[in-house]
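Engineer: For reference, this is start_0.cif, and it has mmCIF, C-alpha atoms.
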data_data
#
loop_
_atom_site.group_PDB
_atom_site.id
_atom_site.type_symbol
_atom_site.label_atom_id
_atom_site.label_comp_id
_atom_site.auth_asym_id
_atom_site.auth_seq_id
_atom_site.Cartn_x
_atom_site.Cartn_y
_atom_site.Cartn_z
ATOM 1 C CA MET A 30 -9.841 -3.174 -12.022
ATOM 2 C CA ALA A 31 -11.157 -0.010 -13.666
ATOM 3 C CA TYR A 32 -9.128 -0.268 -16.866
ATOM 4 C CA SER A 33 -9.736 -4.032 -17.142
ATOM 5 C CA SER A 34 -13.489 -3.490 -16.954
ATOM 6 C CA ALA A 35 -13.498 -0.648 -19.481
ATOM 7 C CA LYS A 36 -10.880 -1.700 -22.032
ATOM 8 C CA ILE A 37 -10.775 -5.492 -22.099
ATOM 9 C CA ASP A 38 -13.584 -7.593 -23.523
ATOM 10 C CA VAL A 39 -13.773 -11.032 -21.888
ATOM 11 C CA SER A 40 -14.379 -12.530 -25.354
ATOM 12 C CA THR A 41 -10.920 -11.319 -26.467
ATOM 13 C CA SER A 42 -8.274 -14.017 -26.796
ATOM 14 C CA LYS A 43 -6.252 -14.754 -23.675
ATOM 15 C CA THR A 44 -3.056 -13.884 -25.544
ATOM 16 C CA ARG A 45 -4.307 -10.394 -26.429
ATOM 17 C CA GLN A 46 -5.570 -9.889 -22.879
ATOM 18 C CA PHE A 47 -2.185 -10.899 -21.494
ATOM 19 C CA ILE A 48 -0.283 -8.563 -23.828
ATOM 20 C CA SER A 49 -2.654 -5.724 -22.928
ATOM 21 C CA HIS A 50 -2.028 -6.237 -19.202
ATOM 22 C CA VAL A 51 1.733 -6.446 -19.762
ATOM 23 C CA MET A 52 1.726 -3.220 -21.810
ATOM 24 C CA TYR A 53 -0.253 -1.409 -19.100
ATOM 25 C CA ASN A 54 2.136 -2.567 -16.395
ATOM 26 C CA LEU A 55 5.237 -1.725 -18.441
ATOM 27 C CA GLY A 56 3.862 1.803 -18.793
ATOM 28 C CA ARG A 57 3.337 1.990 -15.050
ATOM 29 C CA VAL A 58 6.855 0.726 -14.331
ATOM 30 C CA SER A 59 8.319 3.207 -16.852
ATOM 31 C CA ALA A 60 6.704 6.080 -14.952
ATOM 32 C CA TYR A 61 7.999 4.699 -11.647
ATOM 33 C CA VAL A 62 11.560 4.403 -12.977
ATOM 34 C CA PHE A 63 11.489 7.989 -14.244
ATOM 35 C CA LEU A 64 10.221 9.217 -10.871
ATOM 36 C CA GLY A 65 12.833 7.105 -9.068
ATOM 37 C CA MET A 66 15.634 8.590 -11.161
ATOM 38 C CA PHE A 67 14.319 12.114 -10.547
ATOM 39 C CA PHE A 68 13.957 11.723 -6.784
ATOM 40 C CA GLY A 69 17.239 9.816 -6.557
ATOM 41 C CA SER A 70 18.955 12.775 -8.251
ATOM 42 C CA LEU A 71 17.180 15.096 -5.849
ATOM 43 C CA GLY A 72 18.469 13.029 -2.947
ATOM 44 C CA SER A 73 22.042 13.344 -4.217
ATOM 45 C CA VAL A 74 21.866 17.076 -3.510
ATOM 46 C CA PHE A 75 21.422 16.387 0.190
ATOM 47 C CA PHE A 76 23.765 14.573 2.541
ATOM 48 C CA PHE A 77 22.124 11.783 4.522
ATOM 49 C CA SER A 78 24.038 10.914 7.671
ATOM 50 C CA SER A 79 22.875 7.906 9.672
ATOM 51 C CA GLN A 80 21.129 10.266 12.081
ATOM 52 C CA SER A 81 19.406 12.338 9.374
ATOM 53 C CA SER A 82 18.371 9.121 7.610
ATOM 54 C CA GLY A 83 16.864 7.997 10.908
ATOM 55 C CA TYR A 84 14.775 11.171 11.141
ATOM 56 C CA PHE A 85 13.838 10.796 7.480
ATOM 57 C CA TYR A 86 12.569 7.237 7.892
ATOM 58 C CA PHE A 87 10.819 8.121 11.147
ATOM 59 C CA VAL A 88 8.776 10.736 9.272
ATOM 60 C CA ILE A 89 8.113 8.303 6.402
ATOM 61 C CA GLY A 90 6.910 5.745 8.952
ATOM 62 C CA LEU A 91 4.438 8.248 10.406
ATOM 63 C CA VAL A 92 3.251 9.154 6.894
ATOM 64 C CA MET A 93 2.629 5.452 6.198
ATOM 65 C CA VAL A 94 0.580 5.145 9.396
ATOM 66 C CA LEU A 95 -1.553 8.126 8.343
ATOM 67 C CA MET A 96 -1.876 6.640 4.846
ATOM 68 C CA GLY A 97 -3.010 3.294 6.266
ATOM 69 C CA LEU A 98 -5.580 4.973 8.500
ATOM 70 C CA SER A 99 -6.805 6.927 5.481
ATOM 71 C CA MET A 100 -7.198 3.719 3.434
ATOM 72 C CA TRP A 101 -9.053 2.177 6.372
ATOM 73 C CA GLY A 102 -11.455 5.131 6.326
ATOM 74 C CA LYS A 103 -10.531 6.396 9.782
ATOM 75 C CA LEU A 104 -9.289 9.786 8.570
ATOM 76 C CA LYS A 105 -8.746 11.772 5.390
ATOM 77 C CA PHE A 106 -5.090 12.054 4.517
ATOM 78 C CA LEU A 107 -3.716 13.110 1.123
ATOM 79 C CA THR A 108 -7.264 12.850 -0.249
ATOM 80 C CA SER A 109 -7.416 16.459 -1.420
ATOM 81 C CA LEU A 110 -4.048 16.177 -3.211
ATOM 82 C CA GLU A 111 -4.989 12.940 -4.950
ATOM 83 C CA SER A 112 -8.415 14.269 -5.966
ATOM 84 C CA SER A 113 -7.046 17.570 -7.321
ATOM 85 C CA ILE A 114 -4.579 15.762 -9.587
ATOM 86 C CA ALA A 115 -6.745 12.805 -10.595
ATOM 87 C CA PHE A 116 -9.687 15.049 -11.476
ATOM 88 C CA ASN A 117 -7.663 17.737 -13.252
ATOM 89 C CA SER A 118 -9.407 18.568 -16.562
ATOM 90 C CA THR A 119 -6.311 17.846 -18.690
ATOM 91 C CA VAL A 120 -5.664 14.534 -16.945
ATOM 92 C CA LYS A 121 -9.323 13.539 -17.255
ATOM 93 C CA LYS A 122 -9.339 14.338 -20.993
ATOM 94 C CA LEU A 123 -6.188 12.317 -21.651
ATOM 95 C CA PHE A 124 -7.471 9.478 -19.484
ATOM 96 C CA SER A 125 -10.756 9.431 -21.442
ATOM 97 C CA ARG A 126 -8.946 9.175 -24.790
ATOM 98 C CA LEU A 127 -6.760 6.327 -23.579
ATOM 99 C CA ILE A 128 -9.530 4.385 -21.864
ATOM 100 C CA HIS A 129 -11.661 4.350 -25.045
ATOM 101 C CA SER A 130 -8.854 3.164 -27.321
ATOM 102 C CA LYS A 131 -8.231 -0.561 -27.811
ATOM 103 C CA SER A 132 -4.667 -0.360 -29.165
ATOM 104 C CA PHE A 133 -1.802 -1.926 -27.242
ATOM 105 C CA TRP A 134 -0.084 1.453 -27.007
ATOM 106 C CA SER A 135 -3.147 2.927 -25.321
ATOM 107 C CA PHE A 136 -2.637 0.387 -22.536
ATOM 108 C CA TYR A 137 0.987 1.476 -22.229
ATOM 109 C CA GLY A 138 -0.022 5.160 -22.196
ATOM 110 C CA LEU A 139 -2.674 4.516 -19.568
ATOM 111 C CA GLY A 140 -0.073 2.744 -17.427
ATOM 112 C CA VAL A 141 2.287 5.716 -17.716
ATOM 113 C CA LEU A 142 -0.511 8.119 -16.771
ATOM 114 C CA ASN A 143 -1.572 6.065 -13.773
ATOM 115 C CA GLY A 144 2.069 5.740 -12.734
ATOM 116 C CA PHE A 145 2.237 9.503 -12.285
ATOM 117 C CA LEU A 146 -1.020 9.759 -10.339
ATOM 118 C CA PRO A 147 -0.660 10.006 -6.538
ATOM 119 C CA CYS A 148 -0.583 6.702 -4.681
ATOM 120 C CA GLY A 149 0.213 6.190 -1.029
ATOM 121 C CA LEU A 150 2.439 3.135 -1.482
ATOM 122 C CA VAL A 151 4.404 4.869 -4.242
ATOM 123 C CA TYR A 152 5.155 7.745 -1.850
ATOM 124 C CA PHE A 153 7.013 5.364 0.439
ATOM 125 C CA PHE A 154 9.169 3.880 -2.301
ATOM 126 C CA LEU A 155 9.914 7.333 -3.724
ATOM 127 C CA ALA A 156 11.186 8.283 -0.286
ATOM 128 C CA SER A 157 13.421 5.199 -0.398
ATOM 129 C CA ALA A 158 14.606 6.223 -3.877
ATOM 130 C CA THR A 159 15.423 9.705 -2.574
ATOM 131 C CA ALA A 160 17.414 8.221 0.299
ATOM 132 C CA THR A 161 19.681 6.365 -2.159
ATOM 133 C CA GLY A 162 21.111 9.723 -3.260
ATOM 134 C CA SER A 163 21.645 8.321 -6.765
ATOM 135 C CA TRP A 164 19.649 8.650 -9.987
ATOM 136 C CA PHE A 165 20.689 5.110 -10.934
ATOM 137 C CA TRP A 166 19.779 3.389 -7.664
ATOM 138 C CA GLY A 167 16.680 5.537 -7.353
ATOM 139 C CA GLY A 168 15.543 4.172 -10.717
ATOM 140 C CA VAL A 169 16.469 0.624 -9.704
ATOM 141 C CA THR A 170 14.479 0.962 -6.459
ATOM 142 C CA MET A 171 11.349 1.983 -8.329
ATOM 143 C CA ALA A 172 11.897 -0.631 -11.060
ATOM 144 C CA ILE A 173 12.026 -3.385 -8.426
ATOM 145 C CA PHE A 174 8.871 -2.005 -6.794
ATOM 146 C CA GLY A 175 7.004 -1.809 -10.110
ATOM 147 C CA LEU A 176 8.116 -5.220 -11.407
ATOM 148 C CA SER A 177 7.291 -6.862 -8.064
ATOM 149 C CA THR A 178 3.676 -5.731 -8.335
ATOM 150 C CA MET A 179 3.214 -6.919 -11.939
ATOM 151 C CA PRO A 180 2.314 -10.593 -11.289
ATOM 152 C CA SER A 181 -0.449 -9.774 -8.805
ATOM 153 C CA LEU A 182 -1.900 -6.946 -10.925
ATOM 154 C CA ILE A 183 -1.890 -9.060 -14.091
ATOM 155 C CA GLY A 184 -3.580 -11.849 -12.119
ATOM 156 C CA ILE A 185 -6.223 -9.434 -10.832
ATOM 157 C CA GLY A 186 -6.825 -8.279 -14.398
ATOM 158 C CA PHE A 187 -7.599 -11.852 -15.481
ATOM 159 C CA ILE A 188 -10.037 -12.562 -12.643
ATOM 160 C CA ILE A 189 -11.745 -9.181 -12.802
ATOM 161 C CA GLY A 190 -15.161 -10.781 -13.285
ATOM 162 C CA PHE A 191 -14.938 -12.511 -9.920
ATOM 163 C CA LEU A 192 -13.601 -9.438 -8.139
ATOM 164 C CA LYS A 193 -16.353 -7.149 -9.421
ATOM 165 C CA GLY A 194 -19.054 -9.378 -8.040
ATOM 166 C CA SER A 195 -17.676 -9.746 -4.531
ATOM 167 C CA GLY A 196 -16.402 -7.818 -1.556
ATOM 168 C CA PHE A 197 -12.853 -8.985 -2.297
ATOM 169 C CA ARG A 198 -11.608 -5.483 -3.128
ATOM 170 C CA GLU A 199 -12.890 -4.042 0.149
ATOM 171 C CA ILE A 200 -11.366 -6.923 2.110
ATOM 172 C CA MET A 201 -7.976 -6.439 0.424
ATOM 173 C CA ILE A 202 -8.035 -2.668 1.037
ATOM 174 C CA LYS A 203 -8.682 -3.281 4.739
ATOM 175 C CA PHE A 204 -5.906 -5.881 4.839
ATOM 176 C CA ALA A 205 -3.497 -3.570 2.998
ATOM 177 C CA SER A 206 -4.282 -0.728 5.404
ATOM 178 C CA PHE A 207 -3.368 -2.908 8.400
ATOM 179 C CA VAL A 208 -0.125 -4.020 6.722
ATOM 180 C CA ILE A 209 0.836 -0.432 5.858
ATOM 181 C CA ILE A 210 0.066 0.802 9.393
ATOM 182 C CA GLY A 211 2.137 -2.026 10.871
ATOM 183 C CA TYR A 212 5.046 -1.448 8.512
ATOM 184 C CA GLY A 213 4.828 2.303 9.108
ATOM 185 C CA LEU A 214 5.149 1.779 12.857
ATOM 186 C CA TYR A 215 8.109 -0.533 12.238
ATOM 187 C CA MET A 216 9.783 2.040 9.962
ATOM 188 C CA ALA A 217 9.185 4.805 12.516
ATOM 189 C CA TYR A 218 10.753 2.618 15.223
ATOM 190 C CA LEU A 219 13.822 1.865 13.070
ATOM 191 C CA GLY A 220 14.146 5.543 12.184
ATOM 192 C CA TYR A 221 13.847 6.581 15.822
ATOM 193 C CA SER A 222 16.443 4.000 16.864
ATOM 194 C CA ALA A 223 18.885 5.227 14.193
ATOM 195 C CA ALA A 224 18.305 8.897 15.033
ATOM 196 C CA ILE A 225 19.068 8.593 18.744
ATOM 197 C CA ILE A 226 22.238 6.499 18.324
#
Could you render the structure from this file as structure tokens?

Structural biologist:
Amino acid sequence: MAYSSAKIDVSTSKTRQFISHVMYNLGRVSAYVFLGMFFGSLGSVFFFSSQSSGYFYFVIGLVMVLMGLSMWGKLKFLTSLESSIAFNSTVKKLFSRLIHSKSFWSFYGLGVLNGFLPCGLVYFFLASATATGSWFWGGVTMAIFGLSTMPSLIGIGFIIGFLKGSGFREIMIKFASFVIIGYGLYMAYLGYSAAII
């Protein structure tokens, strides 16, 4: 929503708007794939038995619950980490240069930058990439995650005018927090079940 408001003029042709959104999302997915390959390689160093994987996913489930409660505004979790990185002077300077450029490559660069910024949902999928124990499958995991989010984010970019003038964003954040809490509890249960077998 932020980059659509700042970088895309509604008078611009729909084709150019579409390409801009695609470039941004390809940049984001590129960052995710790189992170997936890195964490997948990291996971290959460790041996994940069914029991250790159970403990691993139990912890990830609890982290997701805390993340959902944080999104809901019930507690502050990971806020300090996200703020320290997002408001780093170097990151802010690079972000400013990209946000004021209108070139297609600036959209790609902005997507890459945002892909590396902390995000609760990304944490979960990076944990899944780590659990694969493979740089290849770690990259595939993050590619699937990134590509799966493209249609909805491109759609949001096109209807940004409506979203800015309503409480839709707040409603969706609340809904997402409930979904993440529920899925976190489910993951914790599956992890606990696997760990005690």

Engineer: Got a sec to resolve the PyMOL selection byres ((chain A and resi 142-146) around 9) on this structure and send the residues as number ranges by chain?

Structural biologist: A: 56-61, 64, 111, 114-115, 120, 123-124, 137-141, 147-148, 151

Engineer: Can you spell out as a PyMOL selection string the set of residues that the PyMOL selection byres ((chain A and resi 47) around 12) selects in the structure I just provided?

Structural biologist: chain A and resi 33+37+39+41-46+48-54+133+136+179-180+182-188

Engineer: Just to confirm, what's the straight-line distance from CA of Val92 (chain A) to CA of Gly213 (chain A) in Å (one decimal)?

Structural biologist: 7.4 Å

Engineer: What's the 7 Å shell around Ala224 (chain A), counting all atoms listed in the file, without same-chain residues fewer than 2 positions away, as a VMD selection string?

Structural biologist: chain A and resid 80 to 81 83 to 84 220 to 222 226

Engineer: Rank nothing, just name the residue among A:Leu155, A:Gly102, A:Ile225, A:Phe87 nearest to Val169 (chain A), using all atoms listed in the file.

Structural biologist: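 Closest candidate: A:Leu155.
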
Engineer: For region 124-141 of chain A, take all atoms listed in the file, fit an axis-aligned box around them, add 6 Å to each of the six sides, then output centre and edge lengths in Å rounded to one decimal, as AutoDock Vina command-line options.

Structural biologist:
--center_x -4.7 --center_y 3.8 --center_z -23.3 --size_x 25.9 --size_y 23.4 --size_z 23.7

Engineer: Please measure the separation of CA of Leu176 (chain A) and CA of Thr119 (chain A), giving the value in Å to one decimal.

Structural biologist: 28.2 Å

Engineer: Apply the PyMOL selection byres ((chain A and resi 90) around 7) to the file shown and report the selected residues as a list in words.

Structural biologist: Tyr86, Phe87, Val88, Ile89, Leu91, Val92, Met93, Val94, Gly213, Leu214, Met216 and Ala217 of chain A

Engineer: Quick one, how far is CA of Phe85 (chain A) from CA of Phe153 (chain A)?

Structural biologist: 11.2 Å

Engineer: Using all atoms listed in the file, pick whichever of A:Ile210, A:Ala223, A:Phe154, A:Gly72 has the shortest atom-to-atom distance to Thr170 (chain A).

Structural biologist: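 Closest candidate: A:Phe154.
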
Engineer: Give the answer as one residue: which of A:Leu127, A:Val74, A:Ile202, A:Leu55 has the shortest atom-to-atom distance to Ser177 (chain A), using all atoms listed in the file?

Structural biologist: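 The answer is A:Leu55, which sits nearest to Ser177 (chain A).
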
Engineer: Ranking A:Lys103, A:Leu150, A:Ser130, A:Gly69 by minimum distance to Ala205 (chain A) and counting all atoms listed in the file, which one comes first?

Structural biologist: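 Answer, going by the shortest atom-to-atom distance: A:Leu150.
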
Engineer: Given all atoms listed in the file as the basis, pick out the residue of A:Ile209, A:Ile128, A:Leu219, A:Met171 nearest to Leu95 (chain A).

Structural biologist: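 Among A:Ile209, A:Ile128, A:Leu219, A:Met171, it is A:Ile209 that comes nearest to Leu95 (chain A).
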
Engineer: Rank nothing, just name the residue among A:Ser125, A:Ser70, A:Ser118, A:Ser82 nearest to Trp166 (chain A), using all atoms listed in the file.

Structural biologist: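 With all atoms listed in the file as the atom set, the closest residue is A:Ser70.
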